[in-house]
Amino acid sequence: MTHALHMTPEALSAYIDGELTPDRAREVAEHLTMCTPCSAEYETLLATVAALRANLERYDAPDVLRARVRTAIAATPSVAVAGADSGATTAQRRRAWGWPVGIAAALIVSAALGSGVTVLASRGRTEPSVAAEVLASHVRSLMPPADHLTDVRSSDQHNVKPWFNGKLDFSPSVPRLEDQGFPLVGGRVDYVDGRPVAVLVYARRQHTINVFSWPTRLSDSPAAASAANGYNLIHWRSGGVERWVVSDLNPNELRSFTELLMSP
Amino acid sequence: MSQSLHDRFEQTVIPLIDDAYTLARHLLRDEHDAQDAVQEAYLRAWRFFASFRGGDERAWLLTIVRHCCYTWQRGRRETANVAFDDELHGDTAGSRYAADAHAIDESERGSLHAALDRLPPEFREVLVLRELEELSYKDIARVTGVPVGTVMSRLARARERLRRVLKRSA
C-alpha cells in the first residue's frame with residue numbers, strides 16, 4: 001500500500017517537533033500506523049530527541065555576568081532612540097510593545113516555576129493533527145512484534161506513578177479503576193504535539209485503552225467524542241491538563257470510563 | 001522616555017540572559033569567551049533596543065548573541081595566528097583541549113558533549129536552538145539566516161549523528 005514511500009528523516013524529525021502542516025502530519029501519522037520500518041525509525045528518533053533534551057547542558061548565566069551587563073548598559077546610551085521615535089505615534093508604540101511584553105512576562109513566570117518548558121502556547125497546533133498523532137500512537141502501541149504498549153508494566157498505580165518521575169516535567173494522576181472493570185496495565189512516555197506526554201494503559205476485557213495526558217495553558221474544554229478508522233477518541237481539558245482517551249472499545253463504555261476518570 | 005526604555009529592557013531582555021549564555025557556551029565552548037560574547041551581545045541589543053519594533057525578543061536577542069559569538073571566534077582566530085609563537089597563548093589553548101579530552105572519559109554525558117563539539121557549527125547551533133532554546137523552525141531560520149528547509153535538514157542530520165553516539169554508549 002503506502003509502503004512504497006517511506007518517511008524521510010526530515011519528515012519524522014519535523015513531525016516530532018510539531019512543525020508539519022496538519023495535513024502532512026496526518027499523512028505521517030497514518031503512514032506510521034501501517035509501516036513497521038518507519039515506525040521503528042520513529043521510535044528510535046523519539047528516544048534520541050528525548051535523550052538530547054534531557055542531557056544537553058543548560059547553563060545559568062553567572063551573577064558576575066549579569067552585573068557586568070547591567071554596568072555596561074548603565075554606561076551606554078541607547079543610540080537609536082531619536083531615529084526610532086520619529087514617525088511612531090504613541091499608539092503604534094503601545095501596539096508594537098503589547099505582546100512581546102506578554103511573552104517575556106510569561107517567560108519570567110515559567111522561569112520562576114523552575115520549568116524548562118516553552119510557554120509560547122501556540123505552535124500552530126490544531127486539534128485534528130493532535131488527534132491524528134494520538135491515534136497513531138495508540139495504533140502503534142498495539143503493533144506487533146515488539147511490545148510498544150508499556151514501558152512500565154504494572155497493575156498497581158503506586159508503581160506506575162513514580163515511574164514517570166524524571167521522565168516528564170509533570171506528574172500524571174493515575175486513578176485506580178479496577179473495581180469498576182478497568183484494570184491498569186501500565187504506562188509509557190510518548191511524544192505528541194511536539195512534547196513528551198504520559199500514556200496510561202487500561203484494559204476492558206480484550207480491549208486496550210490509552211489515556212494521554214500533558215499540561216496545557218489552553219483554557220478548559222468539555223469532553224468531545226470523535227471516531228476515526230474504527231477507534232473512538234474522547235478529548236477534554238481541565239485544570240491545566242489536556243487528556244485524550246483512545247480505544248476500540250464501544251463509545252458507551254468508553255464514555256463511562258471517561259466519566260470515571262473525570263470524577264474527582 | 002529613556003528611563004522607561006531602560007525598564008522595558010530590564011523586564012524583557014535581561015531575563016533572557018540564561019538562554020543567551022546557554023547558546024554562547026555551546027557555540028564557543030569556553031566559559032570566559034561565552035561571557036564576553038554575551039556581554040557584547042547585550043550591549044548591542046541595548047544600543048539598538050529603541051529601534052526594535054516588537055516581535056519575539058528571544059529570537060531577536062539570540063540572533064545578536066550568535067553573531068557576536070562568531071565575530072568573537074573570528075577575532076580570536078586572527079589573534080591566534082598573529083601570536084602563534086606566544087608561549088602563554090599556547091598554554092591556554094593546551095589547557096582547553098586537555099579539559100575537553102577529560103570530559104570525554106567522564107561519562108555517557110561526556111561522550112554526548114564531545115560528539116556535540118565535533119558537530120560542524122551549523123549543525124550544532126540548530127540543535128541547541130531547537131532542543132534547548134525550543135525555538136520554532138521559523139525562528140531558527142530567522143536567527144541563523146537560512147531557509148526553513150535548511151533548518152529542517154540540518155536538524156535531522158544533527159539528530160542522526162548524535163543518535164549513533166547515544167546508541168554506541170547505551
# chains A, B, ... in the order shown; residues from 1 in each chain; ligands from 1
$ closest_atom_pairs --of "chain B" --to "chain A" --cutoff "7 Å" --atoms "only C-alpha atoms" --output "tab-separated table"
residue	atom	partner	partner_atom	distance
B:Thr12	CA	A:Ala104	CA	5.2
B:Pro15	CA	A:Ile108	CA	6.8
B:Ile17	CA	A:Ala61	CA	6.3
B:Asp18	CA	A:Asp60	CA	5.0
B:Tyr21	CA	A:Ala61	CA	5.7
B:Thr22	CA	A:Tyr59	CA	4.8
B:Gln35	CA	A:Leu65	CA	6.4
B:Gln39	CA	A:Val69	CA	5.4
B:Tyr42	CA	A:Val69	CA	6.6
B:Leu43	CA	A:Ile73	CA	6.1
B:Trp46	CA	A:Ser78	CA	5.9
B:Arg47	CA	A:Ser78	CA	4.1
B:Phe48	CA	A:Ala80	CA	5.7
B:Phe49	CA	A:Ser78	CA	6.9
B:Ala50	CA	A:Val81	CA	5.2
B:Ser51	CA	A:Ala84	CA	5.0
B:Arg53	CA	A:Ala96	CA	5.9
B:Gly54	CA	A:Ala96	CA	4.9
B:Gly55	CA	A:Pro100	CA	6.0
B:Asp56	CA	A:Pro100	CA	5.9
B:Glu57	CA	A:Pro100	CA	6.7
B:Arg109	CA	A:Asn55	CA	6.6
B:Glu131	CA	A:Arg53	CA	5.5
B:Leu132	CA	A:Arg53	CA	6.6
B:Glu134	CA	A:Thr118	CA	6.5
B:Met152	CA	A:Glu10	CA	6.0
B:Ser153	CA	A:Glu10	CA	5.6
B:Ala156	CA	A:Glu10	CA	5.2
B:Arg163	CA	A:Thr48	CA	5.5
$ write_last_selection --atoms "N, CA and C atoms" --output "PDB file, in the first residue's frame"
ATOM      1  N   THR B  12      12.250  42.752  29.785  1.00  0.00           N
ATOM      2  CA  THR B  12      12.039  41.815  28.679  1.00  0.00           C
ATOM      3  C   THR B  12      13.318  41.141  28.178  1.00  0.00           C
ATOM      4  N   PRO B  15      15.972  39.213  31.474  1.00  0.00           N
ATOM      5  CA  PRO B  15      15.611  37.862  31.948  1.00  0.00           C
ATOM      6  C   PRO B  15      16.006  36.742  30.973  1.00  0.00           C
ATOM      7  N   ILE B  17      18.882  36.175  29.841  1.00  0.00           N
ATOM      8  CA  ILE B  17      20.339  36.045  29.850  1.00  0.00           C
ATOM      9  C   ILE B  17      20.801  34.577  29.964  1.00  0.00           C
ATOM     10  N   ASP B  18      20.025  33.735  30.650  1.00  0.00           N
ATOM     11  CA  ASP B  18      20.408  32.317  30.722  1.00  0.00           C
ATOM     12  C   ASP B  18      20.342  31.666  29.338  1.00  0.00           C
ATOM     13  N   TYR B  21      23.291  32.907  27.375  1.00  0.00           N
ATOM     14  CA  TYR B  21      24.536  32.309  27.847  1.00  0.00           C
ATOM     15  C   TYR B  21      24.628  30.835  27.427  1.00  0.00           C
ATOM     16  N   THR B  22      23.513  30.124  27.474  1.00  0.00           N
ATOM     17  CA  THR B  22      23.495  28.718  27.041  1.00  0.00           C
ATOM     18  C   THR B  22      23.908  28.611  25.573  1.00  0.00           C
ATOM     19  N   GLN B  35      31.059  34.433  28.193  1.00  0.00           N
ATOM     20  CA  GLN B  35      30.672  35.606  28.984  1.00  0.00           C
ATOM     21  C   GLN B  35      30.957  36.898  28.230  1.00  0.00           C
ATOM     22  N   GLN B  39      28.122  39.548  26.960  1.00  0.00           N
ATOM     23  CA  GLN B  39      28.171  40.960  27.354  1.00  0.00           C
ATOM     24  C   GLN B  39      28.127  41.862  26.118  1.00  0.00           C
ATOM     25  N   TYR B  42      24.641  41.863  24.647  1.00  0.00           N
ATOM     26  CA  TYR B  42      23.685  42.668  25.405  1.00  0.00           C
ATOM     27  C   TYR B  42      23.893  44.165  25.164  1.00  0.00           C
ATOM     28  N   LEU B  43      25.149  44.524  25.034  1.00  0.00           N
ATOM     29  CA  LEU B  43      25.440  45.927  24.774  1.00  0.00           C
ATOM     30  C   LEU B  43      24.861  46.354  23.423  1.00  0.00           C
ATOM     31  N   TRP B  46      21.100  46.469  23.605  1.00  0.00           N
ATOM     32  CA  TRP B  46      20.667  47.694  24.283  1.00  0.00           C
ATOM     33  C   TRP B  46      20.773  48.902  23.366  1.00  0.00           C
ATOM     34  N   ARG B  47      21.859  48.986  22.638  1.00  0.00           N
ATOM     35  CA  ARG B  47      22.063  50.150  21.764  1.00  0.00           C
ATOM     36  C   ARG B  47      20.973  50.237  20.696  1.00  0.00           C
ATOM     37  N   PHE B  48      20.508  49.084  20.252  1.00  0.00           N
ATOM     38  CA  PHE B  48      19.513  49.105  19.168  1.00  0.00           C
ATOM     39  C   PHE B  48      18.110  48.771  19.651  1.00  0.00           C
ATOM     40  N   PHE B  49      17.969  48.704  20.963  1.00  0.00           N
ATOM     41  CA  PHE B  49      16.685  48.292  21.546  1.00  0.00           C
ATOM     42  C   PHE B  49      15.555  49.243  21.159  1.00  0.00           C
ATOM     43  N   ALA B  50      15.865  50.529  21.117  1.00  0.00           N
ATOM     44  CA  ALA B  50      14.824  51.519  20.824  1.00  0.00           C
ATOM     45  C   ALA B  50      14.272  51.342  19.410  1.00  0.00           C
ATOM     46  N   SER B  51      15.096  50.790  18.516  1.00  0.00           N
ATOM     47  CA  SER B  51      14.595  50.616  17.153  1.00  0.00           C
ATOM     48  C   SER B  51      14.009  49.220  16.941  1.00  0.00           C
ATOM     49  N   ARG B  53      11.220  46.906  16.969  1.00  0.00           N
ATOM     50  CA  ARG B  53       9.782  47.166  16.929  1.00  0.00           C
ATOM     51  C   ARG B  53       8.973  45.911  17.205  1.00  0.00           C
ATOM     52  N   GLY B  54       9.037  45.413  18.418  1.00  0.00           N
ATOM     53  CA  GLY B  54       8.199  44.269  18.744  1.00  0.00           C
ATOM     54  C   GLY B  54       8.633  43.011  18.043  1.00  0.00           C
ATOM     55  N   GLY B  55       7.865  41.971  18.188  1.00  0.00           N
ATOM     56  CA  GLY B  55       8.294  40.668  17.692  1.00  0.00           C
ATOM     57  C   GLY B  55       8.800  39.890  18.886  1.00  0.00           C
ATOM     58  N   ASP B  56       9.476  38.802  18.618  1.00  0.00           N
ATOM     59  CA  ASP B  56       9.942  37.943  19.694  1.00  0.00           C
ATOM     60  C   ASP B  56      11.330  38.384  20.146  1.00  0.00           C
ATOM     61  N   GLU B  57      11.418  38.914  21.376  1.00  0.00           N
ATOM     62  CA  GLU B  57      12.716  39.371  21.894  1.00  0.00           C
ATOM     63  C   GLU B  57      13.748  38.262  21.927  1.00  0.00           C
ATOM     64  N   ARG B 109      27.287  11.184  29.259  1.00  0.00           N
ATOM     65  CA  ARG B 109      27.014  12.590  29.028  1.00  0.00           C
ATOM     66  C   ARG B 109      28.216  13.274  28.406  1.00  0.00           C
ATOM     67  N   GLU B 131      16.544  22.037  20.656  1.00  0.00           N
ATOM     68  CA  GLU B 131      16.356  21.185  21.837  1.00  0.00           C
ATOM     69  C   GLU B 131      16.432  21.974  23.144  1.00  0.00           C
ATOM     70  N   LEU B 132      17.268  23.002  23.190  1.00  0.00           N
ATOM     71  CA  LEU B 132      17.415  23.750  24.441  1.00  0.00           C
ATOM     72  C   LEU B 132      16.630  25.056  24.433  1.00  0.00           C
ATOM     73  N   GLU B 134      14.275  25.756  22.338  1.00  0.00           N
ATOM     74  CA  GLU B 134      12.908  25.408  21.933  1.00  0.00           C
ATOM     75  C   GLU B 134      12.289  26.423  20.982  1.00  0.00           C
ATOM     76  N   MET B 152      15.374  22.339   8.676  1.00  0.00           N
ATOM     77  CA  MET B 152      14.790  21.013   8.813  1.00  0.00           C
ATOM     78  C   MET B 152      15.820  19.929   8.509  1.00  0.00           C
ATOM     79  N   SER B 153      16.569  20.093   7.409  1.00  0.00           N
ATOM     80  CA  SER B 153      17.503  19.021   7.045  1.00  0.00           C
ATOM     81  C   SER B 153      18.722  19.018   7.971  1.00  0.00           C
ATOM     82  N   ALA B 156      17.639  17.297  11.217  1.00  0.00           N
ATOM     83  CA  ALA B 156      17.503  15.850  11.042  1.00  0.00           C
ATOM     84  C   ALA B 156      18.886  15.190  11.002  1.00  0.00           C
ATOM     85  N   ARG B 163      22.467  10.401  17.437  1.00  0.00           N
ATOM     86  CA  ARG B 163      21.789   9.152  17.734  1.00  0.00           C
ATOM     87  C   ARG B 163      22.786   7.990  17.668  1.00  0.00           C
TER      88      ARG B 163
END
$ residues_around --residues "stretch 125-141 of chain A" --least-positions-apart "2" --cutoff "9 Å" --atoms "only C-alpha atoms" --output "number ranges by chain"
A: 18-19, 21-34, 36, 39, 122-123, 143-144, 147-150, 190-193, 209-210, 212, 228, 231, 233, 235, 244-247
$ closest_residue --among "B:Leu166, B:His6, B:Glu122, B:Leu23" --to "B:Val146" --atoms "only C-alpha atoms"
B:Glu122
$ closest_residue --among "A:Ile16, A:Val174, A:Val160, A:Leu249" --to "A:Ser213" --atoms "only C-alpha atoms"
A:Val174
$ residues_around --residues "B:Ile140" --least-positions-apart "5" --cutoff "8 Å" --atoms "only C-alpha atoms" --output "list in words"
Ala59, Val126, Leu129, Arg130, Leu135, Val148 and Val151 of chain B
$ closest_residue --among "B:Ile64, B:Val128, B:Cys69, B:Ala158" --to "B:Arg142" --atoms "only C-alpha atoms"
B:Ile64
$ residues_around --residues "stretch 115-119 of chain B" --least-positions-apart "2" --cutoff "8 Å" --atoms "only C-alpha atoms" --output "number ranges by chain"
B: 29, 111-113, 121, 123-124, 158, 162, 165
$ write_last_selection --atoms "C-alpha atoms" --output "PDB file, in the first residue's frame"
ATOM      1  CA  ARG B  29      32.675  26.051  24.281  1.00  0.00           C
ATOM      2  CA  SER B 111      30.667  11.464  25.153  1.00  0.00           C
ATOM      3  CA  LEU B 112      27.449  13.129  24.076  1.00  0.00           C
ATOM      4  CA  HIS B 113      29.026  16.511  24.623  1.00  0.00           C
ATOM      5  CA  PRO B 121      28.863  24.611  13.962  1.00  0.00           C
ATOM      6  CA  PHE B 123      24.536  21.649  12.863  1.00  0.00           C
ATOM      7  CA  ARG B 124      25.320  22.336  16.496  1.00  0.00           C
ATOM      8  CA  ALA B 158      22.393  16.521  13.563  1.00  0.00           C
ATOM      9  CA  LEU B 162      24.107  12.117  17.784  1.00  0.00           C
ATOM     10  CA  VAL B 165      26.749   8.212  19.533  1.00  0.00           C
TER      11      VAL B 165
END
$ atom_distance --atom1 "atom CA of B:Arg164" --atom2 "atom CA of B:Tyr70"
27.9 Å
$ residues_around --residues "B:Ala34" --least-positions-apart "3" --cutoff "8 Å" --atoms "only C-alpha atoms" --output "ChimeraX atom specification"
/B:21,24-25,28-31,37-38,69
$ write_last_selection --atoms "C-alpha atoms" --output "PDB file, in the first residue's frame"
ATOM      1  CA  TYR B  21      24.536  32.309  27.847  1.00  0.00           C
ATOM      2  CA  ALA B  24      27.074  31.179  23.690  1.00  0.00           C
ATOM      3  CA  ARG B  25      28.514  28.344  25.783  1.00  0.00           C
ATOM      4  CA  LEU B  28      32.123  28.951  21.861  1.00  0.00           C
ATOM      5  CA  ARG B  29      32.675  26.051  24.281  1.00  0.00           C
ATOM      6  CA  ASP B  30      34.517  28.278  26.688  1.00  0.00           C
ATOM      7  CA  GLU B  31      33.149  29.894  29.812  1.00  0.00           C
ATOM      8  CA  ALA B  37      30.306  37.391  23.828  1.00  0.00           C
ATOM      9  CA  VAL B  38      27.094  37.648  25.867  1.00  0.00           C
ATOM     10  CA  CYS B  69      29.900  34.555  19.111  1.00  0.00           C
TER      11      CYS B  69
END
$ atom_distance --atom1 "atom CA of A:Ser171" --atom2 "atom CA of A:Glu41"
28.0 Å
$ atom_distance --atom1 "atom CA of A:Glu259" --atom2 "atom CA of A:Ile234"
10.6 Å
$ closest_residue --among "B:Ala114, B:Leu127, B:Leu155, B:Val65" --to "B:Val143" --atoms "only C-alpha atoms"
B:Val65
